[in-house]
Amino acid sequence: MRMKGQVAESGQSISIDMAVDNRSNCEGTITQGGSKAEVRRTGETLYLKGDEKYWQTSLKGQPGSDKAVDKAAGKWVKVPGQDDEMAGMCDKQKLVAALDEDKSERQGMKKDGTAEVDGTEAVKLTKESGGETHTLFVAAEGEPYVLKSVVEGGDAPQSTTFSNYGDKVEPEQPAAGDSVTIEEIVGASS
């Protein structure tokens, strides 16, 4: 499936556009505070390609971070998938489970008519709770896939669309000359 959306957290907007599958393959982008990183996971290897600002933020306070930023910026940084918390973003089952972690968010939702989400007719479900309005748009025909989730109000408003259910995700492994290992980055900062 593909997830595309935005969440506002601590006054900062985070955007994600990620395709994930059942085999933990993924590819997409994450944008936060003016920085951008591309993410790919194929097999057991996670690759991150961040711009200079992304690496400055990620490596802030680390010894020798200036050298590491220079080594990483614009390159695919290869890290073992199981060793990086971002790898969880590539696990479709865990991701879907995390989205539904707080079951109380969907309890008490009431049908609120229909709407169209990217050309697909959807049933609109809403609930107000704690100063927030939660809205789910579920496909009206075929599989009852969630097409969109919106939270308005509160501390972390968000809007995420879900599409391309069942599509294959086949990220390309970056060319050897376009990638560096995390060990090379850490070595550069020594």
# chains A, B, ... in the order shown; residues from 1 in each chain; ligands from 1

call {"tool": "select_by_dssp", "arguments": {"residues": "chain A", "states": "helix (DSSP H, G or I)", "output": "PyMOL selection string"}}
result
chain A and resi 52-58+65-72+81-83+85-90+92-99+103-105+176-178+182-188

call {"tool": "residues_around", "arguments": {"residues": "region 114-121 of chain A", "least_positions_apart": "5", "cutoff": "7 Å", "atoms": "only C-alpha atoms", "output": "short mmCIF file (atom, residue, chain, number, x, y, z; two decimals) with all heavy atoms, in the first residue's frame"}}
result
data_model
loop_
_atom_site.label_atom_id
_atom_site.label_comp_id
_atom_site.auth_asym_id
_atom_site.auth_seq_id
_atom_site.Cartn_x
_atom_site.Cartn_y
_atom_site.Cartn_z
N ALA A 139 -13.53 2.49 1.95
CA ALA A 139 -14.06 2.17 0.62
C ALA A 139 -15.48 1.61 0.73
O ALA A 139 -15.74 0.71 1.53
CB ALA A 139 -13.16 1.16 -0.08
N ALA A 140 -16.39 2.17 -0.05
CA ALA A 140 -17.79 1.78 0.00
C ALA A 140 -18.07 0.50 -0.77
O ALA A 140 -19.05 -0.18 -0.51
CB ALA A 140 -18.67 2.91 -0.52
N LEU A 147 -9.23 4.48 3.19
CA LEU A 147 -8.69 5.30 2.11
C LEU A 147 -8.06 6.59 2.63
O LEU A 147 -7.17 7.14 2.00
CB LEU A 147 -9.80 5.65 1.11
CG LEU A 147 -10.50 4.46 0.45
CD1 LEU A 147 -11.65 4.95 -0.43
CD2 LEU A 147 -9.53 3.61 -0.34
#

call {"tool": "closest_residue", "arguments": {"among": "A:Asp155, A:Pro174, A:Gly142, A:Gln56", "to": "Glu38 (chain A)", "atoms": "only C-alpha atoms"}}
result
A:Pro174

call {"tool": "closest_residue", "arguments": {"among": "A:Val7, A:Ala175, A:Val123, A:Met89", "to": "Ser159 (chain A)", "atoms": "only C-alpha atoms"}}
result
A:Val7

call {"tool": "closest_residue", "arguments": {"among": "A:Trp76, A:Phe137, A:Tyr54, A:Tyr47", "to": "Asp178 (chain A)", "atoms": "only C-alpha atoms"}}
result
A:Trp76

call {"tool": "residues_around", "arguments": {"residues": "Arg23 (chain A)", "least_positions_apart": "4", "cutoff": "10 Å", "atoms": "only C-alpha atoms", "output": "mmCIF file with N, CA and C atoms, in the first residue's frame"}}
result
data_model
loop_
_atom_site.group_PDB
_atom_site.id
_atom_site.type_symbol
_atom_site.label_atom_id
_atom_site.label_comp_id
_atom_site.auth_asym_id
_atom_site.auth_seq_id
_atom_site.Cartn_x
_atom_site.Cartn_y
_atom_site.Cartn_z
ATOM 1 N N ARG A 41 14.055 0.200 1.342
ATOM 2 C CA ARG A 41 14.467 -1.029 2.016
ATOM 3 C C ARG A 41 14.202 -2.163 1.048
ATOM 4 N N THR A 42 15.240 -2.928 0.811
ATOM 5 C CA THR A 42 15.140 -4.108 -0.027
ATOM 6 C C THR A 42 15.863 -5.233 0.688
ATOM 7 N N GLY A 43 15.196 -6.365 0.833
ATOM 8 C CA GLY A 43 15.780 -7.455 1.619
ATOM 9 C C GLY A 43 15.921 -7.013 3.069
ATOM 10 N N GLU A 44 17.083 -7.201 3.624
ATOM 11 C CA GLU A 44 17.340 -6.818 5.019
ATOM 12 C C GLU A 44 18.064 -5.486 5.134
ATOM 13 N N CYS A 90 8.810 0.332 7.262
ATOM 14 C CA CYS A 90 8.775 -0.508 6.076
ATOM 15 C C CYS A 90 8.045 -1.823 6.310
ATOM 16 N N ASP A 91 7.559 -2.045 7.498
ATOM 17 C CA ASP A 91 6.852 -3.274 7.832
ATOM 18 C C ASP A 91 5.353 -2.982 7.800
ATOM 19 N N LYS A 92 4.687 -3.412 6.733
ATOM 20 C CA LYS A 92 3.276 -3.074 6.531
ATOM 21 C C LYS A 92 2.410 -3.523 7.704
ATOM 22 N N GLN A 93 2.605 -4.762 8.190
ATOM 23 C CA GLN A 93 1.767 -5.267 9.272
ATOM 24 C C GLN A 93 1.953 -4.443 10.543
ATOM 25 N N LYS A 168 2.845 -4.196 -5.971
ATOM 26 C CA LYS A 168 4.192 -4.625 -5.598
ATOM 27 C C LYS A 168 5.049 -3.404 -5.304
ATOM 28 N N VAL A 169 5.973 -3.581 -4.370
ATOM 29 C CA VAL A 169 6.958 -2.548 -4.062
ATOM 30 C C VAL A 169 8.309 -3.171 -4.352
#
